[in-house]
Amino acid sequence: MSAVLPASAALEDTQQKSEGVWHAAWRRFKADRVGLVSLCIVLAFLLMIILSVTGLIGSKWQDEVGVPNAPPTFIGPKPAAETGAIQSPQGPNVDLSDVDPLAPRYAEWDEKAKQFATTETVKLETLPLGGDRLGRDVLAKTIKGTEISVFVGVAAALVATFIGTLLGAYGGFFGGKIGDFLEWLYNVFESIPYILLIFAFAAVLGRGVESVVIILALTGWTGMYRQVRAEFIKHSNREYVRSAEAIGASNFSRMFRHILPNVSHVILVRTSLLTVGFIKVEVILSYLGLGVRVDQVSWGTMLAEAQSELILGHWWQLATATLFMAVFVTAFSLMADALRDALDPKLRGLE
Amino acid sequence: MAAYLIRRLWQIIPTLAGVVLLVFFLFKYFGGDPAEVLGGLNASPEQIESIREQLGLNEPVWVQLWIFVKQIVTFDWGKSWATNESVSNLFATRLPATLTVMLPILILDVVLALPIAMWVAYRRGSLTDRSIMVVTTVALSISFLVYVIIGQYVFGFQLGWFPVQGWSDSLWTNLVTYAPLPVLLAVVVGLAPQTRLYRSFFLDELGQDYVRTARAKGLTERTVLFKHVLRNALIPILTNIGLQLPTIFVGSFLIEVFFSIPGLGREVLLAVNRSDFPVIQAVTIYLAVLTMLINLLTDIAYKIADPRVVFK
C-alpha cells in the first residue's frame with residue numbers, strides 16, 4: 001500500500017510520528033504476553049496493598065478470631081479428640097457452701113459483676129486459610145505481611161536508587177577528584193561481603209521497618225551507582241550535552257534535565273531488579289529477628305512462625321506466605337525482565 | 001608480574017583504610033554507647049564511667065581511632081563482650097565447622113552447575129532450555145528459607161534420612177552425618193541461579209566467530225565445547241567463583257542457624273543480636289581484607305586461564 005504513496009509524503013509521515021522512547025517501549029511491552037500478565041498480577045497486588053493501607057482489609061490481623069491453629073475452611077474443623085481440650089464436667093456442682101469460707105460473698109460478687117458488660121466471643125473453628133498459634137487469621141496476616149514486605153522492598157529500592165543515581169551522576173559527570181572519591185567509596189562498600197555489611201548496619205541501626213529500609217538502601221546502592229556512572233560518562237560528551245553547555249546550561253541542568261531523562265530507562269530497570277532483591281533480603285532479615293518489630297508482620301516473620309508450626313502438622317501459614325511471596329516475586333521479576341527487554345533491548349541477557 | 005603484584009597490594013591500602021574508617025565511625029556514632037552495653041541495665045554511673053575510662057572512650061576521636069587500628073594490626077581484639085571469649089579464639093574454633101559445610105557446597109555447586117549450564121546453552125531455544133529457564137525463574141522467586149524449612153521437615157523429620165540438626169567434634173562424623181542435609185539443600189537452592197549465570201557466559205561464547213571456524217574445520221562438537229568454548233568462558237566463571245569465595249568463610253548463616261552448626265556465620269548473627277561489637281567489627285574488617293586478596297588471586301588466575309591477559 002505504501003508503494004502507491006509519493007515518497008515525500010511517506011518521509012513527512014515518519015518525521016511527524018517519530019516515536020518517543022517510552023512510547024516505543026510500551027509498544028514492545030504490549031507485545032510481550034508474559035510481561036503483560038505479570039504486570040496485571042503486580043497491579044492486583046498493588047490494589048490489595050492499597051486496600052490494606054487504607055484499612056479496608058487485613059487491618060484486624062492481630063485479632064484472635066479463631067481457635068489456636070484453626071485449620072483452613074476447605075479442610076474442616078479439627079476432630080474434638082485432637083484438640084486436646086478437657087471435657088467440661090456434666091451435672092450439678094457439689095454443694096460446698098458449709099465448708100467454703102468464701103460462700104457468703106458469692107451473691108455479692110455476682111451482683112457487682114453484673115455492673116460490667118461482658119461479651120461472649122465465639123472462636124471460629126475454621127478460618128478461610130487457617131489460623132496461627134494464637135488463632136489469628138492467616139489470610140489477614142498475609143495481606144498485612146505483603147503490605148509491609150513489599151513496602152520495604154519498594155521504599156528501600158527507591159532510596160537506594162536516589163543515592164546511587166545522585167552519586168553516579170556526580171561521579172560520572174565531573175570525574176576528577178569527586179569521581180576518585182566516589183570510586184573509593186564504592187570500592188570500600190564493595191570490598192565488604194554484602195551480608196556482613198548488612199549485619200554491621202543492622203547491629204547499630206536496630207529493628208523496625210524504617211531501619212530495614214535504611215539498612216538495605218545504605219548497603220545496596222553500589223550497583224546503581226556503577227551503572228549510572230557509566231551512563232553519565234558515556235553521555236556527558238555527547239553532542240546534545242555539549243550544545244546545552246554552549247547555550248549556557250548549568251552543570252546541574254545538564255546533569256538532571258538533559259542527561260538524566262536519557263538514562264532514566266536504565267535506572268527504572270535497575271530499580272525493579274533491586275526491589276525483588278530487597279524483598280528477599282527483608283524476608284531473611286525478619287526471619288532472623290533483625291527485620292520488622294515483633295508487633296509487625298512480614299513474610300519473614302510468618303515463615304519464622306511457620307517453621308515450628310510445620311512440625312505439628314499446621315502447614316497453612318507456611319503455604320500461604322510462600323504462595324503470596326512466590327506469586328508476587330515471580331510476577332515482579334518477569335515484569336522487570338519484560339521492562340528491560342522493552343526499554344533497552346541491548347541489556348537482554350544481563351542477569 | 002612482581003611489579004604488578006606490588007602495585008595491586010599498594011592499591012589495597014586506601015580501600016582498607018576506608019573500610020576501617022567506615023566500621024569505626026559506624027559503630028562510634030550510630031552504635032550507641034559501648035559502656036552502657038557492657039555495663040548492663042543495673043550499672044551505676046561510676047561503673048559506666050570506669051568502663052568508659054578502660055575502653056578509652058573519653059579520649060579524643062583520633063586516639064580512639066589509633067587504638068582501633070592497633071587492634072586490627074596486632075590481631076588483638078580483646079574479648080567478646082557477651083561471652084568473654086577472646087575474639088581470636090572464637091574465630092579459630094568456629095571456622096572449621098563453617099568450612100566443613102561451605103567447601104563441599106562450593107565445589108558441588110561448580111561441578112554440577114557447569115555441565116548443566118553448558119548443556120542448556122548448547123541446546124539453546126530447545127524445550128529443555130526453555131523449561132529449565134522457567135523452572136529456575138520460579139525456583140528463584142521462592143525464598144531460600146522455604147526450601148530449608150521444607151527440606152529439613154521432609155528429609156530430616158518425616159523421612160528420617162538425616163539428623164534434623166546437630167554437630168559433633170569429629171570431622172568425619174560431621175562430614176558423613178550432619179553435613180549432608182545442609183549441603184544438599186544449599187546446593188539444590190544454589191544450582192538455579194548458578195546455572196542461569198553460567199548459561200549466559202556460555203551463550204556469549206557460543207555465538208563467537210571462532211566457534212564457527214572450529215566447526216568449519218571439522219572439529220568434533222566435544223572438542224569445540226570443551227577445548228574452545230569452556231576455556232574462553234573461564235574468565236567470567238573464575239570471576240564468579242572468586243566473588244563467592246569470601247562468603248564461604250562467613251558461611252551461610254541461615255544454614256548454620258537452621259542446623260545448629262557452630263560456625264562463624266551463626267556466631268556473627270549471635271553477636272549482632274547481643275550487640276557484641278568487637279566480634280562484628282573484627283569479622284567485617286578481616287573478611288574485607290580477605291575479599292581484596294581473593295580478588296587479586298582471581299586476577300592472577302585469569303592469566304593462567306587466558307595467556308592473552310596482560311597485567312598492566
# chains A, B, ... in the order shown; residues from 1 in each chain; ligands from 1

call {"tool": "closest_atom_pairs", "arguments": {"of": "stretch 109-206 of chain B", "to": "stretch 233-248 of chain B", "cutoff": "9 Å", "atoms": "only C-alpha atoms", "output": "tab-separated table"}}
result
residue	atom	partner	partner_atom	distance
B:Val110	CA	B:Ile241	CA	8.1
B:Leu197	CA	B:Ile237	CA	8.8
B:Tyr198	CA	B:Ile237	CA	6.9
B:Phe201	CA	B:Ala233	CA	6.0
B:Phe202	CA	B:Ala233	CA	6.1
B:Asp204	CA	B:Ala233	CA	8.2
B:Glu205	CA	B:Ala233	CA	6.5

call {"tool": "write_last_selection", "arguments": {"atoms": "N, CA and C atoms", "output": "PDB file, in the first residue's frame"}}
result
ATOM      1  N   VAL B 110      29.831 -25.740  41.691  1.00  0.00           N
ATOM      2  CA  VAL B 110      30.558 -25.521  40.441  1.00  0.00           C
ATOM      3  C   VAL B 110      30.520 -26.778  39.583  1.00  0.00           C
ATOM      4  N   LEU B 197      23.420 -18.159  35.368  1.00  0.00           N
ATOM      5  CA  LEU B 197      24.572 -17.283  35.164  1.00  0.00           C
ATOM      6  C   LEU B 197      25.555 -17.916  34.187  1.00  0.00           C
ATOM      7  N   TYR B 198      25.932 -19.177  34.455  1.00  0.00           N
ATOM      8  CA  TYR B 198      26.903 -19.846  33.598  1.00  0.00           C
ATOM      9  C   TYR B 198      26.343 -20.024  32.192  1.00  0.00           C
ATOM     10  N   PHE B 201      27.111 -17.029  30.263  1.00  0.00           N
ATOM     11  CA  PHE B 201      28.523 -16.965  29.864  1.00  0.00           C
ATOM     12  C   PHE B 201      28.768 -17.838  28.636  1.00  0.00           C
ATOM     13  N   PHE B 202      28.229 -19.067  28.671  1.00  0.00           N
ATOM     14  CA  PHE B 202      28.441 -19.980  27.554  1.00  0.00           C
ATOM     15  C   PHE B 202      27.780 -19.461  26.298  1.00  0.00           C
ATOM     16  N   ASP B 204      27.314 -16.391  25.420  1.00  0.00           N
ATOM     17  CA  ASP B 204      28.159 -15.339  24.852  1.00  0.00           C
ATOM     18  C   ASP B 204      29.231 -15.931  23.968  1.00  0.00           C
ATOM     19  N   GLU B 205      29.863 -17.016  24.464  1.00  0.00           N
ATOM     20  CA  GLU B 205      30.980 -17.597  23.730  1.00  0.00           C
ATOM     21  C   GLU B 205      30.503 -18.376  22.510  1.00  0.00           C
TER      22      GLU B 205
END

call {"tool": "closest_atom_pairs", "arguments": {"of": "chain B", "to": "chain A", "cutoff": "9 Å", "atoms": "only C-alpha atoms", "output": "tab-separated table"}}
result
residue	atom	partner	partner_atom	distance
B:Pro14	CA	A:Trp184	CA	7.7
B:Thr15	CA	A:Val188	CA	5.3
B:Leu16	CA	A:Val188	CA	7.2
B:Ala17	CA	A:Val188	CA	8.5
B:Gly18	CA	A:Val188	CA	5.7
B:Val19	CA	A:Val188	CA	5.5
B:Leu22	CA	A:Val188	CA	8.2
B:Val23	CA	A:Ala200	CA	8.0
B:Leu26	CA	A:Val204	CA	7.4
B:Phe27	CA	A:Val204	CA	6.4
B:Tyr29	CA	A:Val204	CA	9.0
B:Phe30	CA	A:Val204	CA	5.6
B:Gly31	CA	A:Val204	CA	4.2
B:Gly32	CA	A:Val204	CA	7.2
B:Thr137	CA	A:Thr330	CA	7.0
B:Val138	CA	A:Thr330	CA	6.1
B:Ala139	CA	A:Ala326	CA	8.7
B:Leu140	CA	A:Thr330	CA	8.1
B:Ser141	CA	A:Thr330	CA	5.3
B:Ile142	CA	A:Ala326	CA	5.0
B:Ser143	CA	A:Lys280	CA	6.5
B:Phe144	CA	A:Ile284	CA	8.4
B:Leu145	CA	A:Ile284	CA	7.2
B:Val146	CA	A:Thr322	CA	7.1
B:Ile149	CA	A:Gln307	CA	6.2
B:Ile150	CA	A:Gln307	CA	8.5
B:Tyr153	CA	A:Ile311	CA	7.1
B:Phe157	CA	A:Ile311	CA	8.0
B:Arg196	CA	A:Glu351	CA	8.2
B:Leu197	CA	A:Glu351	CA	6.9
B:Ser200	CA	A:Gly349	CA	6.6
B:Pro246	CA	A:Pro193	CA	7.2
B:Thr247	CA	A:Pro193	CA	6.9
B:Val250	CA	A:Leu196	CA	8.3
B:Leu254	CA	A:Leu288	CA	8.2
B:Val257	CA	A:Leu288	CA	8.8
B:Val268	CA	A:Phe199	CA	8.1
B:Leu269	CA	A:Phe199	CA	7.5
B:Ala271	CA	A:Ala203	CA	8.3
B:Val272	CA	A:Ala203	CA	5.0
B:Asn273	CA	A:Ala203	CA	7.2
B:Arg274	CA	A:Ala203	CA	8.6
B:Ser275	CA	A:Ala203	CA	6.2
B:Asp276	CA	A:Ala203	CA	8.5
B:Phe277	CA	A:Ala203	CA	8.0
B:Ile280	CA	A:Ala200	CA	6.5
B:Gln281	CA	A:Ala200	CA	7.6
B:Val283	CA	A:Leu196	CA	8.0
B:Thr284	CA	A:Leu196	CA	6.2
B:Ile285	CA	A:Ile192	CA	7.6
B:Leu287	CA	A:Ile192	CA	6.7
B:Ala288	CA	A:Ile192	CA	4.6
B:Val289	CA	A:Ser191	CA	7.7
B:Leu290	CA	A:Ser191	CA	8.9
B:Thr291	CA	A:Ser191	CA	6.1
B:Met292	CA	A:Ser191	CA	6.3

call {"tool": "atom_distance", "arguments": {"atom1": "atom CA of B:Trp119", "atom2": "atom CA of B:Arg212"}}
result
17.9 Å

call {"tool": "closest_residue", "arguments": {"among": "B:Gly160, B:Pro45, B:Pro193, B:Pro115", "to": "B:Phe226", "atoms": "only C-alpha atoms"}}
result
B:Pro115

call {"tool": "atom_distance", "arguments": {"atom1": "atom CA of B:Ser168", "atom2": "atom CA of B:Phe259"}}
result
12.3 Å
